[in-house]
Structure formats: structure tokens, C-alpha cells
Amino acid sequence: MPFAIALLVLLAAACALSSTVSQGQNYESYAAQYGERTAGLIMALRLDDAFHSWWFIGLSAFLCLNLLCCNLIRLPALLKQVRIFADPGKAKEIRATAEARGNGDPHRLFTALRMPRPREREGGALFAAGNRAGFWGAWTCHLGILLLILGFALGQMTAEQYTVYAMPGKTVPLDNTGLTVRIDDFRIDQTENGAVRQYTTTLTVSDPENRTDESGTACVNAPAKLYGYKFYQNSTGWGAGITVLKNGEELQADTLCPGEYIPVRDKPELVIYLQEVYPDYVQRTGMSPVSASDELNNPGYLYRVYYLGELLGMNVLMQGEELTIDEYTVLFDNPRHYTLLAVKRDRFTWLVLLGGLIMLTGLILAFWMHPRTVFAVREDNGWHVYGRCRKSGILFREEFLKAAAEAGFVPCGSDKEEGEDA
Amino acid sequence: MLQTENTLFTIAVIGYFALTIMNFAFVILKKDALAKIALYLQAGIFLLHTAALILRGIGAGRWPMTNQYEFATSFAWALCLVSLVFIRKYRFPVLGAFSSPLILLMIGYAAMQNREVRDLMPSLRSSWLAFHVSTAIIGYGAFGVAFVLSLIFLFRGRMKEDSFWGRHIPQPEKLDMISYRSVCLGILFLTLTILTGAIWAEQAWGSYWSWDPKETWSLVTWIIYAIYLHQRLRKGWKGKAAAWFAVIGFVCVIFTYVGVNTFLPGIHSYA
Ligand code: HEM
């Protein structure tokens, strides 16, 4: 037990320490925040990604090993304990938590202690055992924790995670899974006050190889489940349509989200890159532009043009303005929201949930099912009634003595009774 | 509706203040009748406070536990509820004297928060959120009561058996047991809070555990109380040592609740 406690203290300290360092940054940003020496220490101790560091994983693995050994080693003794507890012949030898004597009614006592049907023994003695499931509390709780950590670890090791974003109407590949995702529709519902109530994406996932597809809707708090992947409504932003003309004739048209680009069809070394869309563009001298609101009042498009990988120029085009590069004309229009979905497949979430539920059950058994036995043995002048309780000794003692007094018995035994036989 | 809620809330704040004074009067004047009045007063304020929360829920059209003000007032409400149950169940009026200042502190903190009803962002529109915060406030309430009981335990050791305190505070062994019971209640509800929070995070963000500082600190709190449980099972570690752990545990609860938002960055910035 001291070892388990030491492990738990270490784990709590490790979590507390790690939470004080913002995770996932690089040496330079720590150095700017804490100074070079501390930054060096943070990197050496892997505190930049503490919860995936070798020492944290090691500590957690050790905890699991301990729990596993503890549960295995204790199992035979536990089984024996449960058997003995319910065996009146053997249980009699164990010291009572509370006792009383006299000419009372033992059945009333059993009923008051919520054990209404005691078993009859030789010589007319009565016996009842209750809450035996309580013996399994700690064991079940530890098992639940083990399963939960196991599920978590397996999930961390095997989960697949992607991001897809696109304007409605577009189809994009789902990383290298072979599947494609088409965004059929994207809707933003608002309250009367203009606050966002819900973001909803309707999408279709297709498997081109087997020519099958599945459709669904993903909104915040209600992901879509398609082909075993869960699609979470994660974010949104503004994208736009782009049209490229050549000598006044339309050459190509497409939609772009910020960060996307298109090569000009008949001159692929010329690339148009959309950096940002401002629905309500405001120019600020000496500072980067911003959007004054999320309303479409004054759309502006920040673009870049590359030629053979070299930046030719960047600027903001307003709605209706055109960019001319030699014989090509580029214009942006029809600004709309795009949707960003987080896609995940974790095959072990159920194990984590199962572990959590088993752990909860264990806690309830350990905390509210305190095993108790009550005996009533005939004596020359009435009955000797006694009971014992594992764990909540003093409270059981009070409950027992009160019930015994009400059933007509007189408390006896030492006042200095320790009260527990754990 | 919200106007009435505002009035009831103000009456509740005044009520908790009066309750604290009444409890102080009880322990200073050592008159048992005052303890009885304090108990009835606490029950009365509890009903008013409950009505205020219900009106808030109806007025806002949602579960009334989604911002700093609502969480703080619910925390005070849960402290009041759990302490009432323990005072009644274990016939222990001195618990009221120690717990009422804590409730007053909590409701005072609530009174300092912005009480405006604002629209919820989509991720907060979830019934798992209602479970998550409801279980959190009950858990926190139970840990608060365990904290108060442990302080009483540590304080009792300095009092003579036949004094007013000796008569009104249960024997150490029983006190330890009552404190243990309230920690058990707290652990069960904290576990439920973490599990429902994880389920909600899984639905909202696709990740049930992301080591966000609030999550991490709720885990730290949970481990501290697990240590408390195991300490109690060691011979000679019940009582004083366990009481100290219950005190440290509650400091962690408060840090998880207010400290994390103030000192550490994370996604739980709203509660
Ligand atoms: C290193 C890991 C751990 C070890 C070796 C360990 C070991 C033990 C042992 C030997 C007991 C006594 C069992 C009994 O009296 O029936 C116990 C009780 C218990 N343990 Fe653990 N434990 C560990 C971690 C945990 C954790 C993380 C929790 C989470 C809450 C936990 C929950 C419990 C509970 C609820 C009890 C019963 C306590 C009571 O009834 O008061 N254990 N543990």
C-alpha cells in the first residue's frame, strides 16, 4: 500500500507540474517565456509534451502493473474472505462490532437492519449476511481503471485522425484512406440575437473502388458516423469562388478556402493562392487588414501570385475588382462559408467507456455496500444478538445498538470496541 | 422571471449572511436553541435559493449552470444541500457553524460575477453538459463539507472532552467516518463529472481527453482523494493524516475551479 500511495503521489505531482507548462511549443518560445536555462530544462525533461513523454508513460505503465498484480494477488484471499463472511460456522469466531442481550424480538432487529429474512441455524440461532458484493468494490474499481487506461493507450496508439475542409459542393479526398468526402451543404443557424445556434454540414462519403456511398449530417455535439469514421463539425471560415479569364474568355472557375491555390490551366507555373477572405474588409495603415464583422458588407480577398515558385506579388482585391497578369484576368466572387470537419476513428473508445462504468460500479460497491453479518443466538434467558460490519464500524455500531434497543435488547460488550474488522 | 430570480438571489445572499451570524451566535453564546433556529433558517434559504435557480433556468430557457455566475451560485447551493443533509443525518449542528461561512464565501463570489444571460455557443448546447456540471457541483459540495469536517476534526483535537465543543462534536472516530462518507460522495460525483465531461468532449470535439489544464487538474484532484482513500486503509493513518488529505483535496478542487482559469490557459475558460 505505501508503494501504491507513493506512485499516486508521483502521478499527481507529474500532472500538476506538466499543467503549468503550455504544451507543444518549441525551444525558442519557451526561452522567450521562461529564459534559456528553464527552456533547456523543459526540453530535457520533455515537459513540452509531458503526457507523451517516456517518464509519464512509464509511470502510468507502472501504475497499471501494480493494479494488475494487486488484483491478481488479492483474488484468492478475497474469494476466501467472501466465503467465510457468509459462513455462520466460521464467521462466529470473528469479533463483533456491536452486541446486545436480552428478551427482545430478533426478527424486529433483522428487519430494522434491512435484513428481513435471516437463515435459521441449529439450536434455533438466526443468521444473516448482507452487502457481500461490497467485498468486490476496490477490486472492481481497480479492474475498471485498468481497462480504462488500456483502452486509452490502445486508442492513442491506433486512432486515425484527419481534417477535411471545403466549400459546399466540393469533393475532397479523405487523406490516403481511398475515400472521398463531398460537402453537400453547410448551414449556420442563428438565434434572434444573431449569435450562432448551430453549424450543420451535410456530407456524402464515397468509396470509389466499391462504388458505394453513405450520407449524413454533422453538427456540433452530434457527429456523423460514416464508413466507421466519425465526422465532427469543428470550425468554419470564409472562402470564395475564383474565375480566371484569358483574353476575356473564361478559362477556368473553382472555389478556394484560405490556404488553397490553383495553377492556371494552360500555364501551370503561374499559381494563384488565396490567403484570406475578409467579409467586412477594413484597411488599417501599417497593420494587417481585419474584418470588422462577420457580415458580408465589404468583401475583400487577400491573394498571392507565384510564378515558378517565386512570389510575384500579393495584395487585396475588393469585390468586383480584377487582377490582370499578362493575358490573364483573375477575379474573386461569391464569398461563402466553408466547413471544417475533424475526422476520427478510435476503435477503443468503447473500452474506455466500459472501464469507466466498471470503475463507477466498483466505487459504489466500495462506498455504499459495507458487508455486514448479524447473529442471534439463544441463551438461557433470551438471546445474544451481535453483528459486525466491515468498514463503517462506528456507524454500524450506532445503527445496531439503536435497532437492538428498539427490539427490546440491552447493549453489552466493551465500550472500547474498536469497531472494525477490516 | 429573471427579475424575480435576481431578487431571490439577493435575499439568499442576505439569508446566508444571517445564517452565518446565527451560527456564530450559537457557538459564542453556546445556546442549543440557536442551532435549531439556524437549521430551520438554512432549510428556508435553501428553498429560496432552489427557487432562484429554477427561475433562472426558466428565464434563460436552458439548464442554469453554464457560466461563472451560474456555476458559483450552484456550488453554494450544493454546499448548502450537502451540509443540510449531513447536519440532519448525523445530528451535528456545529457542522452548520463551520460550513455557513464557506457557503457565504461562495455565494459572495457568485454575486461578484456578471449575471447577464447570454446566448450559448453551440458546443455548450448539450445535455451532457447539464449532467457534467450538475454532477460537478454535487461533488464539489460534498468535498466542501468533507473539508469543513476535516477542519473540525483537526480543531477538535485541541478541545477538552467536557467542553461545549467536546459535547457538540462527535467522537474523533465517528467524525472521521462522517468525513469519509462525504469524501466518498464527492469521489463518486467527481468520477461522474469526469466521465460525463469526457463523453461530452468526445461528441463536441472528437477527443474525450486532451490534457487540457482543467481536465488535468480534475484528475489531480481525483488522485489526491484516491490517496486519501488508501491512506485511511493503512494502520494508524486514519484521522489526522486523512483529514489533512481531505483539506489538500479541497484546495485542489478550488484551484481546479478558479485557479486553472486564472493561471493556466485552456478550453474550459467559461466555467
Ligand atoms: C498503484 C495503484 C493502486 C494500488 C496498488 C491499489 C491498491 C489498493 C488496495 C490494496 C486496496 C485495499 C482493498 C480493500 O481493502 O479491499 C485498495 C482500495 C481501494 N482502492 Fe486502490 N489501489 C491503487 C490505485 C487506485 C486508484 C487510482 C483508485 C481510484 C479511485 C483506487 C480506488 C480504490 C478504492 C475505492 C478502494 C476501496 C477504499 C475504501 O473502501 O475505502 N485505487 N486499493
# chains A, B, ... in the order shown; residues from 1 in each chain; ligands from 1

$ residues_near_ligand --ligand "ligand 1" --cutoff "6 Å" --atoms "only C-alpha atoms and all ligand atoms" --output "NGL selection string"
(:A and (1 or 4 or 7 or 63 or 66-67 or 70 or 138 or 141-142 or 363 or 366-367)) or (:B and (226 or 229-230))

$ interface_residues --of "chain A" --to "chain B" --cutoff "7 Å" --atoms "only C-alpha atoms" --output "list in words"
Ile5, Leu8, Ala12, Cys15, Ala16, Ser19, Thr20, Ala195, Val196, Arg197, Gln198, Val220, Asn221, Ala222, Pro223, Tyr232, Asn234, Lys344, Gly356, Leu363, Phe367 and Ile394 of chain A

$ residues_around --residues "Ala86 of chain A" --least-positions-apart "5" --cutoff "10 Å" --atoms "only C-alpha atoms" --output "ChimeraX atom specification"
/A:81,91,127-130,132,371-373

$ write_last_selection --atoms "all heavy atoms" --output "tab-separated table (two decimals), in the first residue's frame"
chain	number	residue	atom	x	y	z
A	81	GLN	N	-12.34	-14.72	1.82
A	81	GLN	CA	-12.96	-13.80	2.75
A	81	GLN	C	-14.48	-13.75	2.55
A	81	GLN	O	-15.25	-13.79	3.51
A	81	GLN	CB	-12.38	-12.41	2.48
A	81	GLN	CG	-12.25	-11.55	3.71
A	81	GLN	CD	-11.55	-10.24	3.35
A	81	GLN	OE1	-11.21	-10.00	2.20
A	81	GLN	NE2	-11.35	-9.41	4.34
A	91	ALA	N	-17.79	-17.60	10.70
A	91	ALA	CA	-17.88	-16.17	10.99
A	91	ALA	C	-18.05	-15.91	12.48
A	91	ALA	O	-17.70	-14.85	12.97
A	91	ALA	CB	-19.04	-15.57	10.22
A	127	PHE	N	-29.22	-16.13	11.50
A	127	PHE	CA	-28.03	-15.53	10.91
A	127	PHE	C	-28.38	-14.87	9.58
A	127	PHE	O	-29.16	-15.39	8.80
A	127	PHE	CB	-26.97	-16.63	10.69
A	127	PHE	CG	-25.89	-16.24	9.75
A	127	PHE	CD1	-24.85	-15.41	10.19
A	127	PHE	CD2	-25.89	-16.67	8.42
A	127	PHE	CE1	-23.85	-15.04	9.32
A	127	PHE	CE2	-24.89	-16.30	7.55
A	127	PHE	CZ	-23.86	-15.47	8.00
A	128	ALA	N	-27.81	-13.72	9.33
A	128	ALA	CA	-27.99	-13.08	8.01
A	128	ALA	C	-26.72	-12.36	7.62
A	128	ALA	O	-26.02	-11.81	8.48
A	128	ALA	CB	-29.15	-12.10	8.05
A	129	ALA	N	-26.40	-12.44	6.35
A	129	ALA	CA	-25.24	-11.71	5.83
A	129	ALA	C	-25.74	-10.78	4.73
A	129	ALA	O	-26.56	-11.17	3.91
A	129	ALA	CB	-24.21	-12.68	5.27
A	130	GLY	N	-25.24	-9.56	4.73
A	130	GLY	CA	-25.72	-8.61	3.70
A	130	GLY	C	-24.57	-7.85	3.08
A	130	GLY	O	-23.45	-7.84	3.62
A	132	ARG	N	-22.68	-8.39	0.64
A	132	ARG	CA	-21.42	-9.10	0.39
A	132	ARG	C	-20.72	-8.60	-0.87
A	132	ARG	O	-19.51	-8.69	-0.99
A	132	ARG	CB	-21.68	-10.60	0.31
A	132	ARG	CG	-21.48	-11.25	1.65
A	132	ARG	CD	-21.34	-12.71	1.53
A	132	ARG	NE	-22.57	-13.30	0.98
A	132	ARG	CZ	-22.59	-14.46	0.33
A	132	ARG	NH1	-21.47	-15.11	0.13
A	132	ARG	NH2	-23.72	-14.96	-0.11
A	371	PRO	N	-20.11	-4.78	3.82
A	371	PRO	CA	-20.57	-6.12	4.21
A	371	PRO	C	-20.87	-6.18	5.71
A	371	PRO	O	-20.09	-5.68	6.52
A	371	PRO	CB	-19.39	-7.02	3.86
A	371	PRO	CG	-18.64	-6.26	2.82
A	371	PRO	CD	-18.81	-4.82	3.17
A	372	ARG	N	-21.98	-6.79	6.04
A	372	ARG	CA	-22.36	-6.91	7.45
A	372	ARG	C	-23.00	-8.26	7.72
A	372	ARG	O	-23.67	-8.82	6.84
A	372	ARG	CB	-23.31	-5.79	7.82
A	372	ARG	CG	-24.37	-5.53	6.73
A	372	ARG	CD	-25.54	-4.71	7.18
A	372	ARG	NE	-25.21	-3.33	7.45
A	372	ARG	CZ	-26.11	-2.44	7.87
A	372	ARG	NH1	-27.37	-2.82	8.05
A	372	ARG	NH2	-25.79	-1.20	8.09
A	373	THR	N	-22.78	-8.79	8.92
A	373	THR	CA	-23.48	-10.02	9.32
A	373	THR	C	-24.09	-9.79	10.69
A	373	THR	O	-23.53	-9.06	11.52
A	373	THR	CB	-22.52	-11.22	9.43
A	373	THR	OG1	-21.38	-10.81	10.16
A	373	THR	CG2	-22.11	-11.77	8.10

$ closest_residue --among "A:Lys80, A:Gly137, A:Val9, A:Gln23" --to "Ser53 of chain A" --atoms "only C-alpha atoms"
A:Gln23

$ residues_around --residues "Arg182 of chain A" --least-positions-apart "4" --cutoff "12 Å" --atoms "only C-alpha atoms" --output "ChimeraX atom specification"
/A:164-174,186,201-207,213-217,339,341

$ atom_distance --atom1 "atom CA of Leu29 of chain B" --atom2 "atom CA of Asp176 of chain B"
26.8 Å

$ residues_around --residues "segment 282-296 of chain A" --least-positions-apart "5" --cutoff "10 Å" --atoms "only C-alpha atoms" --output "number ranges by chain"
A: 237-238, 276-277, 302, 316, 335-336

$ atom_distance --atom1 "atom CA of Ala241 of chain B" --atom2 "atom CA of Leu95 of chain B"
20.2 Å

$ select_by_dssp --residues "segment 39-217 of chain B" --states "helix (DSSP H, G or I)" --output "PyMOL selection string"
chain B and resi 39-60+68-89+93-111+122-124+127-156+164-168+172-205+213-217

$ decode --residues "segment 362-374 of chain A" --atoms "all heavy atoms" --output "mmCIF file, in the first residue's frame"
data_model
loop_
_atom_site.group_PDB
_atom_site.id
_atom_site.type_symbol
_atom_site.label_atom_id
_atom_site.label_comp_id
_atom_site.auth_asym_id
_atom_site.auth_seq_id
_atom_site.Cartn_x
_atom_site.Cartn_y
_atom_site.Cartn_z
ATOM 1 N N GLY A 362 -17.580 -0.173 -9.119
ATOM 2 C CA GLY A 362 -16.677 -0.532 -8.021
ATOM 3 C C GLY A 362 -16.746 0.497 -6.905
ATOM 4 O O GLY A 362 -16.787 0.137 -5.714
ATOM 5 N N LEU A 363 -16.763 1.752 -7.275
ATOM 6 C CA LEU A 363 -16.811 2.804 -6.255
ATOM 7 C C LEU A 363 -18.093 2.697 -5.434
ATOM 8 O O LEU A 363 -18.073 2.800 -4.205
ATOM 9 C CB LEU A 363 -16.744 4.190 -6.916
ATOM 10 C CG LEU A 363 -15.384 4.616 -7.471
ATOM 11 C CD1 LEU A 363 -15.482 5.968 -8.161
ATOM 12 C CD2 LEU A 363 -14.338 4.674 -6.366
ATOM 13 N N ILE A 364 -19.212 2.453 -6.147
ATOM 14 C CA ILE A 364 -20.493 2.355 -5.422
ATOM 15 C C ILE A 364 -20.454 1.154 -4.469
ATOM 16 O O ILE A 364 -20.843 1.254 -3.308
ATOM 17 C CB ILE A 364 -21.671 2.247 -6.417
ATOM 18 C CG1 ILE A 364 -21.783 3.577 -7.170
ATOM 19 C CG2 ILE A 364 -22.978 1.922 -5.704
ATOM 20 C CD1 ILE A 364 -22.755 3.572 -8.318
ATOM 21 N N LEU A 365 -19.922 0.030 -4.953
ATOM 22 C CA LEU A 365 -19.826 -1.163 -4.094
ATOM 23 C C LEU A 365 -18.940 -0.874 -2.887
ATOM 24 O O LEU A 365 -19.266 -1.219 -1.751
ATOM 25 C CB LEU A 365 -19.247 -2.347 -4.877
ATOM 26 C CG LEU A 365 -20.105 -2.923 -6.001
ATOM 27 C CD1 LEU A 365 -19.388 -4.091 -6.661
ATOM 28 C CD2 LEU A 365 -21.446 -3.386 -5.458
ATOM 29 N N ALA A 366 -17.796 -0.220 -3.139
ATOM 30 C CA ALA A 366 -16.836 0.007 -2.044
ATOM 31 C C ALA A 366 -17.384 0.996 -1.024
ATOM 32 O O ALA A 366 -17.155 0.857 0.168
ATOM 33 C CB ALA A 366 -15.513 0.510 -2.612
ATOM 34 N N PHE A 367 -18.110 1.989 -1.511
ATOM 35 C CA PHE A 367 -18.519 3.061 -0.603
ATOM 36 C C PHE A 367 -19.864 2.833 0.074
ATOM 37 O O PHE A 367 -20.105 3.310 1.168
ATOM 38 C CB PHE A 367 -18.585 4.400 -1.356
ATOM 39 C CG PHE A 367 -17.256 4.880 -1.880
ATOM 40 C CD1 PHE A 367 -17.201 5.768 -2.940
ATOM 41 C CD2 PHE A 367 -16.071 4.453 -1.305
ATOM 42 C CE1 PHE A 367 -15.982 6.222 -3.427
ATOM 43 C CE2 PHE A 367 -14.850 4.892 -1.790
ATOM 44 C CZ PHE A 367 -14.802 5.778 -2.851
ATOM 45 N N TRP A 368 -20.780 2.160 -0.627
ATOM 46 C CA TRP A 368 -22.129 2.067 -0.057
ATOM 47 C C TRP A 368 -22.593 0.651 0.233
ATOM 48 O O TRP A 368 -23.714 0.444 0.647
ATOM 49 C CB TRP A 368 -23.132 2.795 -0.957
ATOM 50 C CG TRP A 368 -22.992 4.268 -0.755
ATOM 51 C CD1 TRP A 368 -23.530 4.990 0.283
ATOM 52 C CD2 TRP A 368 -22.250 5.182 -1.557
ATOM 53 N NE1 TRP A 368 -23.149 6.302 0.166
ATOM 54 C CE2 TRP A 368 -22.368 6.465 -0.950
ATOM 55 C CE3 TRP A 368 -21.488 5.074 -2.706
ATOM 56 C CZ2 TRP A 368 -21.755 7.599 -1.461
ATOM 57 C CZ3 TRP A 368 -20.888 6.208 -3.213
ATOM 58 C CH2 TRP A 368 -21.025 7.453 -2.598
ATOM 59 N N MET A 369 -21.742 -0.328 -0.022
ATOM 60 C CA MET A 369 -22.133 -1.699 0.302
ATOM 61 C C MET A 369 -21.125 -2.230 1.320
ATOM 62 O O MET A 369 -20.171 -2.910 0.951
ATOM 63 C CB MET A 369 -22.096 -2.572 -0.955
ATOM 64 C CG MET A 369 -23.021 -2.124 -2.064
ATOM 65 S SD MET A 369 -24.703 -2.656 -1.795
ATOM 66 C CE MET A 369 -24.615 -4.349 -2.308
ATOM 67 N N HIS A 370 -21.327 -1.900 2.553
ATOM 68 C CA HIS A 370 -20.389 -2.378 3.565
ATOM 69 C C HIS A 370 -20.880 -3.725 4.084
ATOM 70 O O HIS A 370 -21.945 -3.802 4.700
ATOM 71 C CB HIS A 370 -20.281 -1.362 4.699
ATOM 72 C CG HIS A 370 -19.647 -0.082 4.243
ATOM 73 N ND1 HIS A 370 -19.571 1.026 5.038
ATOM 74 C CD2 HIS A 370 -19.049 0.246 3.075
ATOM 75 C CE1 HIS A 370 -18.956 1.985 4.360
ATOM 76 N NE2 HIS A 370 -18.642 1.541 3.174
ATOM 77 N N PRO A 371 -20.108 -4.785 3.820
ATOM 78 C CA PRO A 371 -20.570 -6.117 4.208
ATOM 79 C C PRO A 371 -20.865 -6.182 5.711
ATOM 80 O O PRO A 371 -20.087 -5.675 6.517
ATOM 81 C CB PRO A 371 -19.387 -7.020 3.857
ATOM 82 C CG PRO A 371 -18.635 -6.261 2.820
ATOM 83 C CD PRO A 371 -18.810 -4.824 3.167
ATOM 84 N N ARG A 372 -21.979 -6.794 6.040
ATOM 85 C CA ARG A 372 -22.357 -6.906 7.447
ATOM 86 C C ARG A 372 -23.001 -8.260 7.716
ATOM 87 O O ARG A 372 -23.669 -8.817 6.837
ATOM 88 C CB ARG A 372 -23.314 -5.785 7.820
ATOM 89 C CG ARG A 372 -24.373 -5.530 6.732
ATOM 90 C CD ARG A 372 -25.536 -4.715 7.182
ATOM 91 N NE ARG A 372 -25.209 -3.328 7.452
ATOM 92 C CZ ARG A 372 -26.113 -2.443 7.866
ATOM 93 N NH1 ARG A 372 -27.366 -2.817 8.046
ATOM 94 N NH2 ARG A 372 -25.786 -1.200 8.094
ATOM 95 N N THR A 373 -22.781 -8.788 8.920
ATOM 96 C CA THR A 373 -23.478 -10.020 9.315
ATOM 97 C C THR A 373 -24.086 -9.786 10.689
ATOM 98 O O THR A 373 -23.527 -9.058 11.517
ATOM 99 C CB THR A 373 -22.521 -11.221 9.434
ATOM 100 O OG1 THR A 373 -21.377 -10.810 10.164
ATOM 101 C CG2 THR A 373 -22.113 -11.769 8.100
ATOM 102 N N VAL A 374 -25.216 -10.429 10.897
ATOM 103 C CA VAL A 374 -25.888 -10.304 12.193
ATOM 104 C C VAL A 374 -26.280 -11.706 12.673
ATOM 105 O O VAL A 374 -26.779 -12.518 11.891
ATOM 106 C CB VAL A 374 -27.136 -9.400 12.076
ATOM 107 C CG1 VAL A 374 -27.879 -9.353 13.398
ATOM 108 C CG2 VAL A 374 -26.741 -7.996 11.635
#
